[in-house]
Structures are given as structure tokens and as C-alpha cells.
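Student: I'm passing along my_file.txt; it holds compact mmCIF, C-alpha atoms.
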# COMPACT_ATOMS: atom_id res chain seq x y z
CA MET D 1 27.24 47.93 54.52
CA LYS D 2 25.46 46.74 51.44
CA ARG D 3 22.93 44.08 52.20
CA PHE D 4 23.03 41.27 49.71
CA ASP D 5 19.71 40.49 48.23
CA ASN D 6 19.26 36.76 48.71
CA GLU D 7 16.43 36.35 46.25
CA LEU D 8 17.13 34.79 42.89
CA ASN D 9 15.93 36.96 40.06
CA ALA D 10 13.27 34.73 38.57
CA GLY D 11 12.93 36.73 35.34
CA SER D 12 15.79 34.94 33.65
CA MET D 13 14.32 31.53 34.50
CA ALA D 14 11.47 32.42 32.18
CA ASP D 15 13.97 33.12 29.41
CA ILE D 16 15.56 29.70 29.84
CA ALA D 17 12.16 28.11 29.69
CA PHE D 18 11.29 30.06 26.53
CA LEU D 19 14.48 28.84 24.89
CA LEU D 20 13.64 25.22 25.63
CA LEU D 21 10.12 25.74 24.40
CA ILE D 22 11.26 27.27 21.13
CA PHE D 23 13.67 24.38 20.65
CA PHE D 24 10.82 21.94 21.00
CA LEU D 25 8.54 23.90 18.70
CA VAL D 26 11.20 23.87 16.03
CA ALA D 27 12.38 20.28 16.39
CA THR D 28 9.10 18.46 16.65
CA THR D 29 5.75 18.27 14.99
CA ILE D 30 2.28 17.74 16.34
CA ASP D 31 1.35 16.64 12.86
CA VAL D 32 -1.10 13.82 13.04
CA ASP D 33 -0.42 12.04 9.83
CA LYS D 34 -3.73 12.40 8.06
CA GLY D 35 -4.57 11.02 4.69
CA ILE D 36 -6.31 8.39 2.65
CA THR D 37 -5.51 4.77 3.45
CA VAL D 38 -5.65 2.19 0.72
CA LYS D 39 -4.80 -1.47 0.56
CA LEU D 40 -2.80 -2.36 -2.53
CA PRO D 41 -3.55 -5.63 -4.27
CA PRO D 42 -0.83 -8.28 -3.91
CA TRP D 43 1.67 -8.46 -6.71
CA THR D 44 1.04 -11.05 -9.38
CA GLU D 45 3.11 -11.72 -12.43
CA GLU D 46 0.08 -12.32 -14.57
CA ASP D 47 -1.70 -9.60 -16.40
CA ASP D 48 -5.06 -9.13 -14.76
CA THR D 49 -6.78 -6.69 -17.04
CA ILE D 50 -10.53 -6.71 -16.76
CA ILE D 51 -12.86 -6.27 -19.67
CA LEU D 52 -14.21 -2.80 -19.39
CA ASN D 53 -17.62 -2.84 -20.97
CA GLN D 54 -19.38 -5.01 -18.49
CA SER D 55 -22.40 -3.46 -16.87
CA ASN D 56 -20.97 -4.07 -13.41
CA VAL D 57 -17.82 -2.08 -14.04
CA PHE D 58 -17.67 1.67 -13.44
CA SER D 59 -14.72 2.82 -15.45
CA VAL D 60 -12.98 6.08 -14.58
CA LYS D 61 -10.14 7.20 -16.78
CA VAL D 62 -7.97 10.25 -16.20
CA ASN D 63 -5.70 11.60 -18.90
CA GLY D 64 -2.52 13.63 -18.75
CA ASN D 65 -4.51 16.87 -18.76
CA ASP D 66 -6.38 15.86 -15.60
CA GLU D 67 -9.65 15.36 -17.46
CA LEU D 68 -11.99 12.58 -16.47
CA LEU D 69 -13.72 10.10 -18.72
CA VAL D 70 -16.39 8.30 -16.72
CA ARG D 71 -17.83 5.37 -18.69
CA GLY D 72 -16.93 7.17 -21.89
CA GLU D 73 -18.35 10.52 -20.86
CA LEU D 74 -16.43 13.68 -20.00
CA VAL D 75 -17.31 14.51 -16.41
CA ASN D 76 -16.15 17.03 -13.83
CA VAL D 77 -14.64 15.71 -10.60
CA SER D 78 -17.38 17.36 -8.58
CA LYS D 79 -19.99 15.13 -10.23
CA LEU D 80 -18.02 11.94 -9.72
CA LYS D 81 -19.34 11.15 -6.26
CA GLU D 82 -23.02 11.25 -7.17
CA ARG D 83 -22.42 9.29 -10.36
CA THR D 84 -20.60 6.60 -8.43
CA ILE D 85 -23.37 6.36 -5.85
CA GLU D 86 -25.98 6.18 -8.60
CA PHE D 87 -24.05 3.42 -10.30
CA ILE D 88 -23.54 1.32 -7.19
CA LEU D 89 -27.04 1.62 -5.80
CA ASN D 90 -28.76 1.65 -9.18
CA PRO D 91 -32.10 2.76 -7.71
CA ASP D 92 -33.93 2.63 -11.04
CA GLN D 93 -32.61 -0.86 -11.76
CA ARG D 94 -31.10 0.23 -15.06
CA PRO D 95 -29.54 -2.67 -16.96
CA GLU D 96 -26.39 -0.75 -17.88
CA MET D 97 -25.62 -0.05 -14.24
CA SER D 98 -24.59 -2.49 -11.53
CA SER D 99 -26.86 -5.47 -11.04
CA SER D 100 -26.17 -5.41 -7.31
CA PRO D 101 -23.87 -3.35 -5.05
CA LYS D 102 -22.05 -6.56 -4.18
CA LYS D 103 -20.97 -7.00 -7.77
CA ALA D 104 -20.17 -3.35 -8.51
CA LEU D 105 -16.55 -2.69 -9.36
CA VAL D 106 -14.75 0.58 -9.97
CA SER D 107 -11.89 0.55 -12.38
CA LEU D 108 -9.49 3.48 -12.33
CA GLN D 109 -6.91 4.21 -14.96
CA ASN D 110 -4.57 7.19 -15.03
CA ASP D 111 -1.98 8.43 -17.45
CA ARG D 112 1.63 8.75 -16.41
CA GLU D 113 1.24 12.49 -16.78
CA THR D 114 -1.82 12.80 -14.55
CA SER D 115 -1.08 15.05 -11.61
CA TYR D 116 -1.10 13.50 -8.15
CA GLU D 117 -3.51 16.20 -7.01
CA THR D 118 -6.11 15.05 -9.51
CA TYR D 119 -5.49 11.40 -8.68
CA ILE D 120 -6.09 12.09 -5.01
CA SER D 121 -9.22 14.12 -5.64
CA VAL D 122 -10.62 11.36 -7.87
CA TYR D 123 -9.77 8.69 -5.29
CA ASN D 124 -11.22 10.94 -2.62
CA GLU D 125 -14.52 11.26 -4.47
CA LEU D 126 -14.73 7.50 -5.01
CA LYS D 127 -14.03 6.86 -1.35
CA ALA D 128 -16.50 9.58 -0.40
CA ALA D 129 -19.17 7.83 -2.47
CA TYR D 130 -18.63 4.57 -0.60
CA ASN D 131 -18.42 6.32 2.76
CA SER D 132 -21.74 8.01 2.16
CA ILE D 133 -23.35 4.71 1.07
CA TRP D 134 -22.02 3.02 4.21
CA GLU D 135 -23.18 5.94 6.35
CA GLU D 136 -26.71 5.72 4.94
CA GLU D 137 -26.75 1.96 5.40
CA ALA D 138 -25.52 2.26 8.99
CA LEU D 139 -28.34 4.65 9.82
CA LYS D 140 -30.89 2.47 8.06
CA ARG D 141 -29.85 -0.81 9.66
CA TYR D 142 -28.63 0.18 13.10
CA GLY D 143 -29.74 3.76 13.63
CA LYS D 144 -26.18 4.88 14.37
CA THR D 145 -23.52 6.61 12.31
CA TYR D 146 -20.97 4.35 10.62
CA GLU D 147 -18.18 5.33 13.00
CA ASN D 148 -20.19 4.31 16.03
CA LEU D 149 -20.76 0.78 14.83
CA ILE D 150 -18.91 -2.18 16.24
CA ILE D 151 -16.52 -3.97 13.94
CA ALA D 152 -18.88 -6.84 13.17
CA GLU D 153 -21.60 -4.44 12.04
CA LYS D 154 -19.15 -2.49 9.90
CA LYS D 155 -17.97 -5.73 8.31
CA ALA D 156 -21.54 -6.70 7.54
CA ILE D 157 -22.17 -3.43 5.73
CA ARG D 158 -18.87 -3.62 3.89
CA LYS D 159 -19.69 -7.13 2.79
CA ASP D 160 -22.85 -5.94 1.07
CA PHE D 161 -21.23 -2.82 -0.36
CA PRO D 162 -17.61 -3.80 -0.95
CA LEU D 163 -15.11 -1.12 -1.86
CA VAL D 164 -13.30 -2.50 -4.87
CA ILE D 165 -11.26 0.04 -6.79
CA SER D 166 -9.13 -1.74 -9.32
CA GLU D 167 -6.26 0.35 -10.64
CA ALA D 168 -4.98 -0.42 -14.07
CA GLU D 169 -1.50 0.17 -15.41
CA PRO D 170 -1.31 3.86 -16.39
CA THR D 171 -1.38 4.83 -20.05
CA ASP D 172 1.67 6.46 -21.50
CA PHE D 173 0.59 8.82 -24.25
CA ALA D 174 3.22 11.48 -23.64
CA LEU D 175 5.46 12.31 -26.57
CA LYS D 176 8.97 11.14 -25.78
CA MET T 177 17.53 58.89 54.82
CA ALA T 178 14.08 57.71 55.70
CA ASN T 179 12.73 59.10 52.43
CA LEU T 180 15.38 57.29 50.42
CA LYS T 181 14.58 54.01 52.08
CA SER T 182 10.84 54.21 51.40
CA LYS T 183 11.52 55.27 47.80
CA ALA T 184 13.79 52.27 47.33
CA LYS T 185 11.16 50.02 48.82
CA ARG T 186 8.42 51.26 46.48
CA SER T 187 10.49 50.72 43.32
CA HIS T 188 10.61 46.92 43.93
CA PRO T 189 7.41 45.40 42.55
CA THR T 190 5.55 43.30 45.06
CA ILE T 191 4.34 40.78 42.45
CA SER T 192 6.62 37.78 42.63
CA THR T 193 7.81 36.73 39.17
CA ALA T 194 8.95 33.33 40.40
CA SER T 195 5.85 31.63 39.03
CA LEU T 196 6.31 32.90 35.45
CA PRO T 197 8.71 30.14 34.45
CA ASP T 198 6.33 27.59 35.94
CA ILE T 199 3.69 28.63 33.43
CA ILE T 200 6.21 28.25 30.64
CA PHE T 201 7.27 24.84 31.96
CA ILE T 202 3.66 23.70 31.85
CA LEU T 203 3.49 24.64 28.18
CA LEU T 204 6.79 22.94 27.60
CA PHE T 205 5.71 19.68 29.20
CA PHE T 206 2.54 19.77 27.15
CA PHE T 207 4.60 19.97 23.97
CA MET T 208 6.97 17.27 25.13
CA VAL T 209 4.11 14.89 25.68
CA VAL T 210 2.13 15.67 22.56
CA ALA T 211 4.82 16.16 19.99
CA ILE T 212 6.76 13.64 17.96
CA ILE T 213 10.41 14.17 17.24
CA LYS T 214 10.68 14.64 13.48
CA GLU T 215 13.39 12.27 12.43
CA ASP T 216 13.49 13.10 8.75
CA ASN T 217 14.78 16.25 7.17
CA LEU T 218 12.80 16.97 4.08
CA LEU T 219 15.12 17.08 1.11
CA VAL T 220 12.23 17.53 -1.26
CA LYS T 221 9.56 20.17 -1.51
CA ILE T 222 6.18 18.78 -0.66
CA ILE T 223 2.83 20.52 -0.81
CA PRO T 224 0.31 17.79 0.00
CA PRO T 225 -2.98 17.56 -1.89
CA GLN T 226 -6.31 18.18 -0.18
CA ALA T 227 -8.91 15.55 0.53
CA THR T 228 -11.98 15.04 2.64
CA GLU T 229 -12.00 11.31 3.37
CA LEU T 230 -9.13 11.29 5.82
CA ASN T 231 -8.01 8.67 8.32
CA LYS T 232 -5.63 9.42 11.13
CA LEU T 233 -2.61 7.25 11.66
CA ASN T 234 -1.57 6.74 15.25
CA ARG T 235 1.26 4.22 15.39
CA HIS T 236 4.12 6.47 14.34
CA ASP T 237 6.90 4.06 15.06
CA GLU T 238 5.41 1.40 12.80
CA ILE T 239 5.25 3.49 9.64
CA ASN T 240 7.70 3.78 6.79
CA HIS T 241 7.89 7.22 5.22
CA ILE T 242 8.50 7.80 1.55
CA TYR T 243 8.77 11.37 0.29
CA ILE T 244 8.44 12.22 -3.38
CA GLY T 245 8.86 15.68 -4.80
CA GLU T 246 11.20 18.18 -6.34
CA PRO T 247 14.47 18.51 -4.46
CA THR T 248 14.82 21.67 -2.40
CA ASN T 249 18.43 21.98 -3.49
CA ARG T 250 18.14 22.97 -7.13
CA GLN T 251 21.62 21.77 -7.92
CA VAL T 252 20.41 18.20 -7.78
CA GLY T 253 17.94 18.88 -10.55
CA THR T 254 14.26 19.66 -10.79
CA ALA T 255 12.89 16.21 -11.59
CA PRO T 256 10.95 14.62 -8.73
CA ARG T 257 13.10 12.39 -6.53
CA ILE T 258 12.31 9.76 -3.96
CA GLN T 259 13.48 10.24 -0.42
CA LEU T 260 13.47 7.26 1.93
CA ASN T 261 13.74 8.38 5.54
CA ASP T 262 16.50 10.93 5.19
CA ALA T 263 18.39 10.31 1.98
CA PHE T 264 17.65 10.25 -1.70
CA ALA T 265 17.03 6.87 -3.22
CA GLU T 266 16.15 5.25 -6.50
CA MET T 267 13.26 3.02 -7.47
CA ASN T 268 15.14 -0.23 -6.93
CA ASP T 269 16.12 0.75 -3.38
CA ILE T 270 12.52 0.59 -2.26
CA GLN T 271 12.20 -3.18 -1.91
CA ARG T 272 15.38 -3.35 0.14
CA PHE T 273 14.18 -0.44 2.25
CA ILE T 274 10.90 -2.21 3.06
CA ALA T 275 12.63 -5.52 3.74
CA GLY T 276 15.09 -3.77 6.04
CA ASN T 277 12.30 -2.51 8.32
CA PRO T 278 10.21 -5.59 9.12
CA ARG T 279 8.53 -4.09 12.18
CA LYS T 280 6.80 -1.43 10.16
CA TYR T 281 3.44 -2.48 8.83
CA SER T 282 2.33 0.54 6.89
CA THR T 283 3.85 2.97 4.41
CA THR T 284 2.99 6.64 4.10
CA LEU T 285 3.54 8.35 0.80
CA HIS T 286 4.17 12.06 1.21
CA VAL T 287 3.92 13.34 -2.33
CA ASP T 288 3.91 16.84 -3.72
CA LYS T 289 0.63 17.52 -5.47
CA GLN T 290 2.27 18.37 -8.78
CA VAL T 291 4.17 15.11 -9.17
CA THR T 292 2.85 13.04 -12.06
CA MET T 293 1.44 9.55 -11.67
CA GLY T 294 4.21 7.77 -13.58
CA ILE T 295 6.73 7.80 -10.75
CA ILE T 296 4.03 7.11 -8.16
CA THR T 297 2.71 4.07 -9.99
CA ASP T 298 6.24 2.68 -10.20
CA VAL T 299 6.70 3.24 -6.47
CA LYS T 300 3.40 1.47 -5.78
CA THR T 301 4.47 -1.45 -7.95
CA GLU T 302 7.69 -1.72 -5.95
CA LEU T 303 5.67 -1.65 -2.73
CA ARG T 304 3.43 -4.42 -4.04
CA ARG T 305 6.48 -6.50 -4.90
CA ALA T 306 7.83 -5.92 -1.41
CA ASN T 307 4.43 -6.92 -0.01
CA ALA T 308 3.96 -3.58 1.74
CA LEU T 309 0.29 -3.39 0.91
CA LYS T 310 -0.95 -0.94 3.52
CA VAL T 311 -0.40 2.41 1.95
CA HIS T 312 -1.42 5.85 3.15
CA TYR T 313 -1.50 8.95 0.96
CA ALA T 314 -0.70 11.93 3.15
CA SER T 315 -3.06 14.81 2.51
CA LYS T 316 -4.41 17.94 4.11
CA LYS T 317 -7.98 18.42 5.14
CA LYS T 318 -9.85 20.10 2.35
CA VAL T 319 -10.96 23.57 3.33
CA GLU T 320 -14.58 24.01 2.32
CA GLN T 321 -14.97 26.96 0.01
CA GLU T 322 -18.32 28.64 0.29
Can you give me the file's structure in the form of C-alpha cells?
Tutor:
Amino acid sequence: MKRFDNELNAGSMADIAFLLLIFFLVATTIDVDKGITVKLPPWTEEDDTIILNQSNVFSVKVNGNDELLVRGELVNVSKLKERTIEFILNPDQRPEMSSSPKKALVSLQNDRETSYETYISVYNELKAAYNSIWEEEALKRYGKTYENLIIAEKKAIRKDFPLVISEAEPTDFALK
Amino acid sequence: MANLKSKAKRSHPTISTASLPDIIFILLFFFMVVAIIKEDNLLVKIIPPQATELNKLNRHDEINHIYIGEPTNRQVGTAPRIQLNDAFAEMNDIQRFIAGNPRKYSTTLHVDKQVTMGIITDVKTELRRANALKVHYASKKKVEQE
């Protein structure tokens, strides 16, 4: 007489589990949404263009060919961060640079044909400049890195070195 | 007969395979806990730009998603289109879209890196009009090139 084997063959259970796993891998994402956060200025009907040749304004213009004009000078994106830091901190107290970090303002203008990639890398460098200023300040004042500060300390530093990037309406030089 | 029996015995492996699926289930539960169900099907091609100053966003259910890029289906054209959640939309749909989701406090822009700033500036203007001022540009971590 044949003896029936009472054990369940567990090999196929693994296959069922693999199927479910593959379903989950395909249908979901562990993507943590990473990126650059900005706060847009509220909408106003009035035209709030700022005069660009003040000494407290750091003007960055990007054209449709992804070239940068920083305060009238052709600059590579890789140099943008150190230029921004030099402008904001103004260690040599030059009159054409910001009179104080509190008053420093960055004005950014793109063209409609500027590529998003360039826009992000420019914005990234500007943000990196401020982040490195805040980092240095955090170490100087509190001896800790900026991320380890409590909110009140962070606010104090940001009050003395405010991040103000004013974006102007993009230029439209493309031939129609 | 005795030989046959012992041969039959030896061909069954003594390692129990019953715990194999348990290992897989552990992996599965890990994924179920950590992963987010992707609700949107991407109708546009998006290669995000790279950046170094990244913040992480954690409140996934409170974020509006706007996708801008070239459509994957070439029959719709090659000009960049806006996708709100899971369907194509036009510029003037954005304000209604934001107003229709009051619980969401932040907007993430997933934009292909080759899209030009014209369409993006218009989208940002619409967001400003809709008072959705917290905006997040989705990007990848820049890989340091030595």
C-alpha cells in the first residue's frame, strides 16, 4: 500500500512569496522625494522690479544658452558659490559689495529658453553658498553643525544672514 | 527490499525547506512597511536634474505632484506637457487643481532636466496665484566626480 506523505511541500510556498514580493517591488517605490525646497513669494498684481545696480544686489542672469552673467561678468557655474559667499560676507569691506549680510539680496533672472538643469544648478549653488555661510556661523556661535541646532538658534542665524533670492520675470529673446 | 528502502530514504534531503518562505515573507513585510504605493502613472518622460542641497520630504499624503516633461506617447506630440496626478492638464487647470486639494500644503515639481524655463515660470506663477507657496524641485543627489 502506498503511504501518503503528509508533509506539505514547502518549496512552492517560497514561489508564492516571491510573486508577492515582485508585485510589491513593481508597484511601489521607496523613493524618498528629495529635492530643493523653496518658498515662492505671494502673488501681487503690481510690478515689483528692483533696480539692479545697487551695491547690495547680487544679480545673476542666465540666458537661453545656459550662460551666466554675474553682475555683468561671464562666470562659470562652478565659481558661483564662492562669488556669492564673497559678496554676502564682503570680508574686505568693498563698497561695491554688500554693506551687511542682512541687506544682501540675490536677484535671479532666466530666459524662457534656459534649461531647467541649469536653473537648478544655479539655484543649488546659491543655496549652497547660504548653507555654507550658515554652517560656518553655527560652528562659530554654538560650536555645533547647523543641523544640530535648535530652531531658535537656526532662526537667529537666518535672521542675520537671510536667504533672499528674488526671481524676476524671465526674458524672452527667442526668435518667434 | 531493504536496500531499496534505505536508498529511498537517502534521496529525501533532511534539510527542511519550510522556513524558506518565512525568509521571503520577512523581506516582503519590510517592503510593505517601507514602501509607498505609487499612485501616479508617469505619462511624461522625466530625468530629474542633479543637486547637492537636498531636503527630504516626509509627509507624502500632504503633497501635490506636478510632472512636466515630454510625453512618453509620441503621438501626443513632443512639446513638454503638464501632468497633474495622473492626467494631462493645461496651465489654467493648475489653480483649480490646487484649490481642489486643500489638505495638501506643499507642491513637488517633477521636471525633466531639458525642459525650458518658460513653461516652468508660468507654472510657478499659477502656483503663486493659487497661494501654493511651498514648492519643492525634485532632484537627484549629485554624484561627485573625482
Student: Can I get the residues of chain D within 7 Å of chain T, each with the closest pair of atoms and their distance in Å to one decimal, using all atoms listed in the file, sorted chain first then ascending number, as JSON lines?
Tutor:
{"residue": "D:Ala10", "atom": "CA", "partner": "T:Ala194", "partner_atom": "CA", "distance": 4.9}
{"residue": "D:Gly11", "atom": "CA", "partner": "T:Thr193", "partner_atom": "CA", "distance": 6.4}
{"residue": "D:Met13", "atom": "CA", "partner": "T:Pro197", "partner_atom": "CA", "distance": 5.8}
{"residue": "D:Ala14", "atom": "CA", "partner": "T:Pro197", "partner_atom": "CA", "distance": 4.2}
{"residue": "D:Ala17", "atom": "CA", "partner": "T:Ile200", "partner_atom": "CA", "distance": 6.0}
{"residue": "D:Phe18", "atom": "CA", "partner": "T:Ile200", "partner_atom": "CA", "distance": 6.8}
{"residue": "D:Leu21", "atom": "CA", "partner": "T:Leu204", "partner_atom": "CA", "distance": 5.4}
{"residue": "D:Ala27", "atom": "CA", "partner": "T:Ile213", "partner_atom": "CA", "distance": 6.5}
{"residue": "D:Thr28", "atom": "CA", "partner": "T:Ile213", "partner_atom": "CA", "distance": 4.5}
{"residue": "D:Thr29", "atom": "CA", "partner": "T:Ala211", "partner_atom": "CA", "distance": 5.5}
{"residue": "D:Ile30", "atom": "CA", "partner": "T:Ala211", "partner_atom": "CA", "distance": 4.7}
{"residue": "D:Val32", "atom": "CA", "partner": "T:Lys232", "partner_atom": "CA", "distance": 6.6}
{"residue": "D:Asp33", "atom": "CA", "partner": "T:Leu233", "partner_atom": "CA", "distance": 5.6}
{"residue": "D:Lys34", "atom": "CA", "partner": "T:Lys232", "partner_atom": "CA", "distance": 4.7}
{"residue": "D:Gly35", "atom": "CA", "partner": "T:Ala314", "partner_atom": "CA", "distance": 4.3}
{"residue": "D:Ile36", "atom": "CA", "partner": "T:Tyr313", "partner_atom": "CA", "distance": 5.1}
{"residue": "D:Thr37", "atom": "CA", "partner": "T:His312", "partner_atom": "CA", "distance": 4.2}
{"residue": "D:Val38", "atom": "CA", "partner": "T:Val311", "partner_atom": "CA", "distance": 5.4}
{"residue": "D:Lys39", "atom": "CA", "partner": "T:Lys310", "partner_atom": "CA", "distance": 4.9}
{"residue": "D:Leu40", "atom": "CA", "partner": "T:Leu309", "partner_atom": "CA", "distance": 4.7}
{"residue": "D:Pro41", "atom": "CA", "partner": "T:Leu309", "partner_atom": "CA", "distance": 6.8}
{"residue": "D:Pro42", "atom": "CA", "partner": "T:Arg304", "partner_atom": "CA", "distance": 5.8}
{"residue": "D:Trp43", "atom": "CA", "partner": "T:Arg304", "partner_atom": "CA", "distance": 5.2}
{"residue": "D:Asp111", "atom": "CA", "partner": "T:Met293", "partner_atom": "CA", "distance": 6.8}
{"residue": "D:Arg112", "atom": "CA", "partner": "T:Gly294", "partner_atom": "CA", "distance": 4.0}
{"residue": "D:Glu113", "atom": "CA", "partner": "T:Thr292", "partner_atom": "CA", "distance": 5.0}
{"residue": "D:Thr114", "atom": "CA", "partner": "T:Thr292", "partner_atom": "CA", "distance": 5.3}
{"residue": "D:Ser115", "atom": "CA", "partner": "T:Thr292", "partner_atom": "CA", "distance": 4.4}
{"residue": "D:Tyr116", "atom": "CA", "partner": "T:Lys289", "partner_atom": "CA", "distance": 5.1}
{"residue": "D:Glu117", "atom": "CA", "partner": "T:Lys289", "partner_atom": "CA", "distance": 4.6}
{"residue": "D:Ser121", "atom": "CA", "partner": "T:Ala227", "partner_atom": "CA", "distance": 6.3}
{"residue": "D:Asn124", "atom": "CA", "partner": "T:Ala227", "partner_atom": "CA", "distance": 6.0}
{"residue": "D:Lys127", "atom": "CA", "partner": "T:Glu229", "partner_atom": "CA", "distance": 6.8}
{"residue": "D:Ala128", "atom": "CA", "partner": "T:Glu229", "partner_atom": "CA", "distance": 6.1}
Student: Can you work out the spacing between atom CA of Tyr281 of chain T and atom CA of Glu125 of chain D in Å, to one decimal?
Tutor: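 For atom CA of Tyr281 of chain T relative to atom CA of Glu125 of chain D, the distance reads 26.2 Å.
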Student: Could you give me, as a PyMOL selection string, the residues within 9 Å of Val299 of chain T, counting only C-alpha atoms and dropping anything in the same chain fewer than 6 positions from it?
Tutor: chain T and resi 258+267+270
Student: Find the distance between atom CA of Pro170 of chain D and atom CA of Gln109 of chain D and write it in Å to one decimal.
Tutor: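 Separating atom CA of Pro170 of chain D from atom CA of Gln109 of chain D is a distance of 5.8 Å.
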Student: Could you jot down the atom CA of Tyr123 of chain D to atom CA of Arg141 of chain D separation for me, Å, one decimal place?
Tutor: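 Interatomic distance, atom CA of Tyr123 of chain D to atom CA of Arg141 of chain D: 26.8 Å.
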Student: How big is the axis-aligned box around all listed atoms of segment 139-146 of chain D once 5 Å goes on each side, and where's its centre, in Å to one decimal, as lines of an AutoDock Vina configuration file?
Tutor:
center_x = -25.9
center_y = 2.9
center_z = 11.2
size_x = 19.9
size_y = 17.4
size_z = 16.3
Student: Excluding segment 91-105 of chain D and any residue of its chain fewer than 4 positions from it, enumerate the residues within 8 Å of it, using only C-alpha atoms, and give them as a list in words.
Tutor: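 These residues fall inside the cut-off: Ser55, Asn56, Val57, Phe58, Glu86, Phe87, Lys159, Asp160, Phe161, Pro162, Leu163, Val164, Ile165 and Ser166 of chain D.
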Student: Would you output that residue set with C-alpha atoms, as a short mmCIF file (atom, residue, chain, number, x, y, z; two decimals), keeping the file's coordinate frame?
Tutor:
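Generated output (result.cif):
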data_model
loop_
_atom_site.label_atom_id
_atom_site.label_comp_id
_atom_site.auth_asym_id
_atom_site.auth_seq_id
_atom_site.Cartn_x
_atom_site.Cartn_y
_atom_site.Cartn_z
CA SER D 55 -22.40 -3.46 -16.87
CA ASN D 56 -20.97 -4.07 -13.41
CA VAL D 57 -17.82 -2.08 -14.04
CA PHE D 58 -17.67 1.67 -13.44
CA GLU D 86 -25.98 6.18 -8.60
CA PHE D 87 -24.05 3.42 -10.30
CA LYS D 159 -19.69 -7.13 2.79
CA ASP D 160 -22.85 -5.94 1.07
CA PHE D 161 -21.23 -2.82 -0.36
CA PRO D 162 -17.61 -3.80 -0.95
CA LEU D 163 -15.11 -1.12 -1.86
CA VAL D 164 -13.30 -2.50 -4.87
CA ILE D 165 -11.26 0.04 -6.79
CA SER D 166 -9.13 -1.74 -9.32
#
Student: Could you give me, as number ranges by chain, the residues within 12 Å of Asp262 of chain T, counting only C-alpha atoms and dropping anything in the same chain fewer than 3 positions from it?
Tutor: T: 214-220, 240-244, 258-259, 265, 273
Student: List as a ChimeraX atom specification the residues having at least one atom at most 12 Å from position (-24.2, -1.0, 10.2) as given in the file, counting all atoms listed in the file.
Tutor: /D:131,133-161
